[in-house]
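Report on the following structure.
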Amino acid sequence: MKKIIVGGGRAGREQAVQLPESVIIELNPGKREKLSELAGVEVIIGDGSDEELLKRVGLEGVEAFISLTGNDDVNYRAATIAKKHGIHKIIVRVEDPEDRERFQKLGIEYIMFPTKIVANLIGDLVRFGAGASSTPFEKIFVPILNKDTVEKAFKEALFVASVARAEVTAVSSVDIDRREMESRAIEMGVPLTILLEEENLMDIIKKHLHYSGYVIIDHVKERLYHPDCIIIDHEERGILDKLFKRSVVLKLIKCASCPVLVARTYGYYERVLALLDSSDTSESVGKHAVQIAHLCGADMYLLILEVVPGELIDGIKKMAEKGNVRITEKWIEGNPMIEVVKEVKSGDYELVVVPRRGTGVIRSDMIRKIVNDAPCSVLTVV
């Protein structure tokens, strides 16, 4: 199916190479010759935000509309036209992160911020060196995808992986269009490995998630895969139900040895809430929250449930300062269970970070309540 790419710069050219049957619309006639060298790509010289031109190109049956010019206004006008003509998959490049809300109000789900990502990457290289990284995840595992969760958990996995510069490994049921998954990953610039669901593989996943957190992705060669994050939809059903015989989400959180992200947001995070108590896990909670907020350009909120060591809060604040993350402290008064759940449900957050097991005020029943009732994504860390 046809893909329309607005902008024939370097980003547009690279995208066209990876997406066959593409049409590139470029304003500058001087780029025609170089663009014409791309195999299987139709080149049109003109304004990609001109509705009449786009109508002539043909907007019916377009699989993806991708606007990659360096001008936010052009990308906005082009995306508005694509939205008006019923194109569902619209991907835009936004240079100014302050423009995020304008595109979100338009209903654009795939918004890329290259300036922010590059700035964060350069900052990381300066602060941590080429051999180190401030990213919280490098290997993301999505245990199972069916027709429902491919639109949910997989979508959020791609968002997280795109900002964290991580790879994704997903187990897919046979009724999923793998080409569609691969196309989405390419569009987001995410390395993807897809494993087909099979009985032996499921048995191995169950065994190793229970006992070691490892997943064998090639049981013939017995190659071990150790993800540093598992992403699962909060309404996950299907083969994992057969494996665990009970609440899949809570069971997976309990037995996995790495962080588990329960997906509900399916998009970028603008406000990240971290819950802190006196437990040893609070440092990890703060670290993950800072790293994710840094990568997404999000604001971070610390919800402090009890008296905690001053050096813990100071350490989190120093990490936030280095990552240019704006941080706000909030203290809980009253019944922790009631007040925390109320804050999570009313705070307009996209992500809540909690410990997997509580040893302080945050206990397992509170974590279970948050995972079950939160209107946003929940990351449980170890």
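Following the order of the structure tokens, chains are lettered A, B, ..., residues in each are numbered from 1, and ligands are numbered from 1.
Residues lying within 7 Å of Gly360 (chain A), counting only C-alpha atoms and ignoring same-chain neighbours fewer than 3 positions away, are Asp277, Ser278, Ser279 and Arg363 of chain A.
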Atoms to include: C-alpha atoms. Write the selected residues as a PDB file, in the first residue's frame.
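Saved the output as out_14.pdb:
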ATOM      1  CA  ASP A 277       8.797   5.310  50.828  1.00  0.00           C
ATOM      2  CA  SER A 278      11.536   4.094  53.170  1.00  0.00           C
ATOM      3  CA  SER A 279      12.176   0.838  51.270  1.00  0.00           C
ATOM      4  CA  ARG A 363       2.764  -2.644  50.417  1.00  0.00           C
TER       5      ARG A 363
END
Could you list, as number ranges by chain, every residue within 12 Å of Glu311 (chain A), counting only C-alpha atoms and ignoring same-chain residues fewer than 6 positions away?
A: 278, 282-283, 317-318
Just write the chosen residues, N, CA and C atoms, as a short mmCIF file (atom, residue, chain, number, x, y, z; two decimals), in the first residue's frame.
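To be explicit, this is the file written out as selection_1.cif:
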data_model
loop_
_atom_site.label_atom_id
_atom_site.label_comp_id
_atom_site.auth_asym_id
_atom_site.auth_seq_id
_atom_site.Cartn_x
_atom_site.Cartn_y
_atom_site.Cartn_z
N SER A 278 10.24 4.35 52.53
CA SER A 278 11.54 4.09 53.17
C SER A 278 12.20 2.80 52.70
N SER A 282 13.26 2.38 46.67
CA SER A 282 12.94 3.76 46.32
C SER A 282 14.01 4.41 45.45
N GLU A 283 15.26 4.06 45.69
CA GLU A 283 16.33 4.63 44.86
C GLU A 283 16.16 4.21 43.40
N LYS A 317 17.20 14.33 43.16
CA LYS A 317 17.19 15.71 42.64
C LYS A 317 18.44 16.00 41.81
N LYS A 318 19.58 15.47 42.26
CA LYS A 318 20.82 15.68 41.50
C LYS A 318 20.75 14.99 40.14
#
Within 9 Å of region 172-190 of chain A, which residues of region 32-120 of chain A show up? Give each one with its shortest atom-to-atom distance in Å (one decimal) and the two atoms involved, counting only C-alpha atoms, rows by chain then rising residue number, as a tab-separated table.
residue	atom	partner	partner_atom	distance
A:Ile66	CA	A:Glu187	CA	8.8
A:Ile91	CA	A:Glu187	CA	8.3
A:Tyr110	CA	A:Met188	CA	8.5
A:Met112	CA	A:Met188	CA	8.3
Please determine, counting only C-alpha atoms, which residue among A:Arg102, A:Leu59, A:Ala274, A:Ser364 has the shortest atom-to-atom distance to Lys84 (chain A).
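Among the listed residues, the smallest separation from Lys84 (chain A) belongs to A:Leu59.
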Find the residues near Val354 (chain A): any atom within 8 Å, counting only C-alpha atoms, skip ones fewer than 3 places away on the same chain, and give them as a list in words.
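So, after excluding close chain neighbours, the residues are Ala274, Leu275, Leu276, Val285, Ile367, Val378, Leu379, Thr380 and Val381 of chain A.
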Which residues come within 12 Å of Lys155 (chain A), counting only C-alpha atoms, excluding same-chain residues fewer than 3 positions away, as an MDAnalysis selection string?
chainID A and resid 109:110 142 145 148:152 158:162 168 170 180:182 184:185 187:188 190 231:233 263:268
Taking C-alpha atoms for each residue, export the selection above as a compact mmCIF listing (two decimals), in the first residue's frame.
# COMPACT_ATOMS: atom_id res chain seq x y z
CA GLU A 109 -0.49 9.76 17.91
CA TYR A 110 2.94 9.33 16.34
CA VAL A 142 6.51 -8.07 24.81
CA LEU A 145 0.58 -10.08 20.96
CA ASP A 148 -6.13 -6.57 20.64
CA THR A 149 -2.74 -6.04 22.24
CA VAL A 150 -0.88 -5.35 19.00
CA GLU A 151 -2.68 -2.00 19.06
CA LYS A 152 -1.85 -1.44 22.73
CA LEU A 158 7.58 1.14 20.26
CA PHE A 159 7.16 4.55 21.88
CA VAL A 160 9.33 3.59 24.85
CA ALA A 161 11.94 1.92 22.64
CA SER A 162 12.11 4.90 20.27
CA VAL A 168 12.06 -4.90 21.03
CA ALA A 170 7.81 -9.72 20.74
CA GLU A 180 2.46 -4.47 9.69
CA MET A 181 4.41 -4.83 12.95
CA GLU A 182 7.73 -4.63 11.12
CA ARG A 184 5.59 0.20 12.42
CA ALA A 185 8.95 -0.57 13.98
CA GLU A 187 8.74 3.96 11.02
CA MET A 188 9.70 4.45 14.68
CA VAL A 190 13.13 0.53 16.50
CA ILE A 231 5.70 -4.58 28.56
CA ILE A 232 2.24 -6.09 28.83
CA ASP A 233 -1.22 -4.67 28.21
CA ALA A 263 0.59 -0.38 29.33
CA ARG A 264 -2.37 1.99 29.33
CA THR A 265 -1.05 5.27 27.91
CA TYR A 266 0.02 4.02 24.46
CA GLY A 267 1.99 7.19 23.81
CA TYR A 268 4.61 9.61 25.07
For Glu37 (chain A), please output as a PyMOL selection string all residues within 12 Å (counting only C-alpha atoms; exclusion window: fewer than 5 positions along the same chain).
chain A and resi 13+16-17+31-32+42-43
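Among the candidates A:Ile370, A:Ile194, A:Ile230, A:Tyr301, the residue lying nearest to Ala157 (chain A) is A:Ile230 (atoms considered: only C-alpha atoms).
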For Pro259 (chain A), the nearest of the candidates A:Glu156, A:Asp47, A:Asp228, A:Asp280, counting only C-alpha atoms:
A:Asp228
When distances are computed from only C-alpha atoms, which of A:Val353, A:Leu250, A:Leu273, A:Met319 shows the smallest separation from Asp365 (chain A)?
A:Leu250
Excluding Cys229 (chain A) and any residue of its chain fewer than 6 positions from it, enumerate the residues within 7 Å of it, using only C-alpha atoms, and give them as a ChimeraX atom specification.
/A:137,139-141,258-260
Can I get the selection written as a PDB file, in the first residue's frame, with N, CA and C atoms?
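And here's part32.pdb as it stands now:
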ATOM      1  N   PHE A 137      16.332   1.282  29.619  1.00  0.00           N
ATOM      2  CA  PHE A 137      16.110  -0.023  28.997  1.00  0.00           C
ATOM      3  C   PHE A 137      16.877  -0.119  27.681  1.00  0.00           C
ATOM      4  N   LYS A 139      16.748  -3.651  26.181  1.00  0.00           N
ATOM      5  CA  LYS A 139      16.064  -4.811  25.601  1.00  0.00           C
ATOM      6  C   LYS A 139      14.652  -4.890  26.184  1.00  0.00           C
ATOM      7  N   ILE A 140      13.666  -4.669  25.344  1.00  0.00           N
ATOM      8  CA  ILE A 140      12.270  -4.689  25.775  1.00  0.00           C
ATOM      9  C   ILE A 140      11.600  -5.943  25.228  1.00  0.00           C
ATOM     10  N   PHE A 141      10.871  -6.635  26.093  1.00  0.00           N
ATOM     11  CA  PHE A 141      10.219  -7.888  25.713  1.00  0.00           C
ATOM     12  C   PHE A 141       8.710  -7.737  25.847  1.00  0.00           C
ATOM     13  N   CYS A 258      12.838  -8.428  36.215  1.00  0.00           N
ATOM     14  CA  CYS A 258      13.143  -7.114  35.655  1.00  0.00           C
ATOM     15  C   CYS A 258      11.892  -6.243  35.753  1.00  0.00           C
ATOM     16  N   PRO A 259      11.996  -4.950  35.508  1.00  0.00           N
ATOM     17  CA  PRO A 259      10.812  -4.089  35.553  1.00  0.00           C
ATOM     18  C   PRO A 259       9.728  -4.545  34.577  1.00  0.00           C
ATOM     19  N   VAL A 260       8.472  -4.376  34.987  1.00  0.00           N
ATOM     20  CA  VAL A 260       7.324  -4.694  34.140  1.00  0.00           C
ATOM     21  C   VAL A 260       6.509  -3.417  33.952  1.00  0.00           C
TER      22      VAL A 260
END
Could you check which of A:Leu192, A:Ile338, A:Val344, A:Ala64 is closest to Leu303 (chain A), using only C-alpha atoms?
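The answer is A:Val344, which sits nearest to Leu303 (chain A).
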Using only C-alpha atoms, pick whichever of A:Arg326, A:Leu106, A:Pro136, A:Ile44 has the shortest atom-to-atom distance to Arg165 (chain A).
A:Pro136
Looking only at helix (DSSP H, G or I) from DSSP on the backbone, list the matching residues of region 15-128 of chain A as a VMD selection string.
chain A and resid 15 to 18 29 to 36 51 to 57 72 to 84 97 to 105 114 to 128
